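Have a look at the structure below before the remarks.
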Amino acid sequence: MQIDILTLFPEMVRGFFGESILGRAVKNGILDIRLHDIRDWTKDKHRRVDDRPFGGGAGMLMAAQPVVDAIEAVKTAGGVPADEIIYLCPDGEPLTNDLARELSQKKHLVMLSGHYEGIDQRIRDTVITREISIGDYVLTNGTIAAAVVVDCLARQIPGVLGEENSLTGDSFNDRLLSYPQYTRPEIFRGMPVPPVLLSGNHAEIQRWRREQQLKKTQERRPDLLERK
Ligand code: 4GO
C-alpha cells in the first residue's frame, strides 16, 4: 500500500514511520510511506504557502496553489491512482477502527496535513475526497493526525502485526472495551493474577474475559453498549 503524506513538517513523523511495527512493515515493503514538503510546490518568490483570509479575521490560511499542485503531483505517482485524498481536520468524519479497516483495503492514499487556521475551502470542494478527524480537539497542524490514521489502518493490513501482537483482543472489537491482561510473575507486590487465568479451562477464561469486557464497557463507555 502506498501512502503519500503532504505536510509542511515531514520531519515531525519521519522517525515515527521508521520505528517498531510500522518501521518493520516499511522495511518489508508492505507499506510505502512517502513524505512530501508542500513548500516544494510553491510558486511564490518568497516560498510562502500561506495568505490572509478574505473577510478578515485572525490567522493565516494555506493557499490553494501549492496544495493543489502537490496533490496533483502525487496522486498518480507510483503507478496506482490514489483511492482517496484525505484531509485531516477537527470537522471531519470521526476516526474509528471500522473506518481504518475500510482504508486499510485501499492501494493508494494521499493525506493532506493543514497548518495555520486551515486551508482554502476550494481545495476541500474540489480535490479532497474524504475528511477525517482523530477526535474532538484541535491540533497546531494535521501531521500527527495523519500519522495516527496511518498507524491505525496499517495494523489492520494482513501481515503488519507479527506474532507479538494481534487484533483479536483489541478494544472496540465487538464494540466492547478490552479485558484486563496479566503476565509473569503470578504475584507482583502482593497482587495475584486472577486464578481463572491460571486454571487452564479455556471456556471459563473466555467467559471471564467477556464478563470483564461488559463490566468495563458499562462503567466507562455505556454509549458503546447502547449502540451495540
Ligand atoms: C486535525 C487537524 C485537529 C485534527 C487539526 C483532528 N486539528 N482532530 N489541525 O483530527 C487545520 C489547521 C487543521 C491545523 C489542523
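FYI, nothing fancy with the C-alpha cells labels: chains A, B, ... in order, residues from 1 per chain, ligands from 1 as they appear.
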Kindly assemble as a Markdown table a list of the chain A residues that lie within 12 Å of ligand 1, each paired with its nearest atom pair and their distance in Å to one decimal, using only C-alpha atoms and all ligand atoms, sorted first by chain and then by ascending residue number.
```
| residue | atom | partner | partner_atom_place_in_ligand_line | distance |
| --- | --- | --- | --- | --- |
| A:Thr7 | CA | ligand 1 | 15 (C) | 10.7 |
| A:Leu8 | CA | ligand 1 | 14 (C) | 11.2 |
| A:Asp50 | CA | ligand 1 | 12 (C) | 11.5 |
| A:Gly59 | CA | ligand 1 | 12 (C) | 10.3 |
| A:Met60 | CA | ligand 1 | 12 (C) | 9.6 |
| A:Leu61 | CA | ligand 1 | 12 (C) | 8.2 |
| A:Met62 | CA | ligand 1 | 12 (C) | 8.7 |
| A:Ile86 | CA | ligand 1 | 1 (C) | 11.1 |
| A:Tyr87 | CA | ligand 1 | 1 (C) | 8.2 |
| A:Leu88 | CA | ligand 1 | 1 (C) | 4.6 |
| A:Cys89 | CA | ligand 1 | 1 (C) | 3.6 |
| A:Pro90 | CA | ligand 1 | 8 (N) | 3.8 |
| A:Asp91 | CA | ligand 1 | 8 (N) | 7.4 |
| A:Gly92 | CA | ligand 1 | 10 (O) | 7.1 |
| A:Glu93 | CA | ligand 1 | 10 (O) | 8.9 |
| A:Pro94 | CA | ligand 1 | 10 (O) | 7.9 |
| A:Leu95 | CA | ligand 1 | 10 (O) | 8.1 |
| A:Thr96 | CA | ligand 1 | 10 (O) | 11.7 |
| A:Met111 | CA | ligand 1 | 1 (C) | 11.4 |
| A:Leu112 | CA | ligand 1 | 13 (C) | 9.6 |
| A:Ser113 | CA | ligand 1 | 15 (C) | 6.8 |
| A:Gly114 | CA | ligand 1 | 11 (C) | 4.3 |
| A:His115 | CA | ligand 1 | 12 (C) | 4.0 |
| A:Tyr116 | CA | ligand 1 | 12 (C) | 5.0 |
| A:Glu117 | CA | ligand 1 | 12 (C) | 4.7 |
| A:Gly118 | CA | ligand 1 | 11 (C) | 3.6 |
| A:Ile119 | CA | ligand 1 | 11 (C) | 6.6 |
| A:Asp120 | CA | ligand 1 | 11 (C) | 10.2 |
| A:Gln121 | CA | ligand 1 | 11 (C) | 11.3 |
| A:Arg124 | CA | ligand 1 | 11 (C) | 11.7 |
| A:Glu131 | CA | ligand 1 | 10 (O) | 9.0 |
| A:Ile132 | CA | ligand 1 | 10 (O) | 6.3 |
| A:Ser133 | CA | ligand 1 | 10 (O) | 3.3 |
| A:Ile134 | CA | ligand 1 | 10 (O) | 3.8 |
| A:Gly135 | CA | ligand 1 | 8 (N) | 4.4 |
| A:Asp136 | CA | ligand 1 | 8 (N) | 5.5 |
| A:Tyr137 | CA | ligand 1 | 8 (N) | 5.0 |
| A:Val138 | CA | ligand 1 | 7 (N) | 3.8 |
| A:Leu139 | CA | ligand 1 | 7 (N) | 3.7 |
| A:Thr140 | CA | ligand 1 | 14 (C) | 4.8 |
| A:Asn141 | CA | ligand 1 | 14 (C) | 3.8 |
| A:Gly142 | CA | ligand 1 | 2 (C) | 3.9 |
| A:Thr143 | CA | ligand 1 | 2 (C) | 7.6 |
| A:Ile144 | CA | ligand 1 | 1 (C) | 8.1 |
| A:Ala145 | CA | ligand 1 | 10 (O) | 5.3 |
| A:Ala146 | CA | ligand 1 | 10 (O) | 8.0 |
| A:Ala147 | CA | ligand 1 | 10 (O) | 10.4 |
| A:Val148 | CA | ligand 1 | 10 (O) | 9.0 |
| A:Val149 | CA | ligand 1 | 10 (O) | 9.0 |
```
Inset, instruction - Give the helix (DSSP H, G or I) residues of segment 8-154 of chain A, as assigned by DSSP on the backbone, as number ranges by chain. - result: A: 11-14, 16-18, 20-28, 38-41, 64-74, 97-104, 121-126, 143-154
Legend entry - Å distance separating atom CA of Ile123 of chain A from atom CA of Gln65 of chain A, one decimal place: 9.0 Å
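Computed from the coordinates, the atom CA of Ile33 of chain A to atom CA of Ile3 of chain A distance equals 4.9 Å.
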Legend entry - Test item: residues at most 8 Å from Thr217 of chain A, only C-alpha atoms, excluding those fewer than 6 positions along its chain, as a PyMOL selection string: chain A and resi 176-177+224-225
Find the nearest atom pair between each residue of segment 92-182 of chain A and segment 192-214 of chain A for residues within 9 Å, count only C-alpha atoms, give distances in Å to one decimal, sort rows by chain and ascending number, and present the table as JSON lines.
```
{"residue": "A:Ser171", "atom": "CA", "partner": "A:Gln213", "partner_atom": "CA", "distance": 8.9}
{"residue": "A:Leu176", "atom": "CA", "partner": "A:Gln213", "partner_atom": "CA", "distance": 6.2}
{"residue": "A:Leu177", "atom": "CA", "partner": "A:Gln213", "partner_atom": "CA", "distance": 5.6}
{"residue": "A:Ser178", "atom": "CA", "partner": "A:Gln213", "partner_atom": "CA", "distance": 5.6}
{"residue": "A:Tyr179", "atom": "CA", "partner": "A:Gln213", "partner_atom": "CA", "distance": 5.0}
{"residue": "A:Pro180", "atom": "CA", "partner": "A:Gln212", "partner_atom": "CA", "distance": 7.4}
{"residue": "A:Gln181", "atom": "CA", "partner": "A:Val193", "partner_atom": "CA", "distance": 8.9}
{"residue": "A:Tyr182", "atom": "CA", "partner": "A:Val193", "partner_atom": "CA", "distance": 6.6}
```
Legend entry - Residue nearest Gly23 of chain A among A:Gln218, A:Arg52, A:Glu11, A:Val160 (counting only C-alpha atoms): A:Val160
Legend entry - Those in segment 62-218 of chain A with strand (DSSP E or B) from DSSP, as a PyMOL selection string: chain A and resi 62+84-94+108-113+119+130-133+187-188+191-192
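Of the residues under consideration (A:Ala58, A:Leu99, A:Met1, A:Leu35), A:Leu35 shows the shortest atom-to-atom contact distance to Arg14 of chain A when counting only C-alpha atoms.
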Inset, instruction - Name the residues in contact with segment 69-76 of chain A at a cut-off of 8 Å, using only C-alpha atoms, excluding same-chain residues fewer than 5 positions from it; report them as a PyMOL selection string. - result: chain A and resi 4+6+38+41+81-82+85+110+127
Legend entry - Residue nearest Gln2 of chain A - candidates A:Lys43, A:Arg34, A:Arg221, A:Lys215, atoms counted: only C-alpha atoms: A:Arg34
Inset, instruction - Work out how far apart atom CA of Asn173 of chain A and atom CA of Ala100 of chain A are and give it in Å to one decimal. - result: 12.7 Å
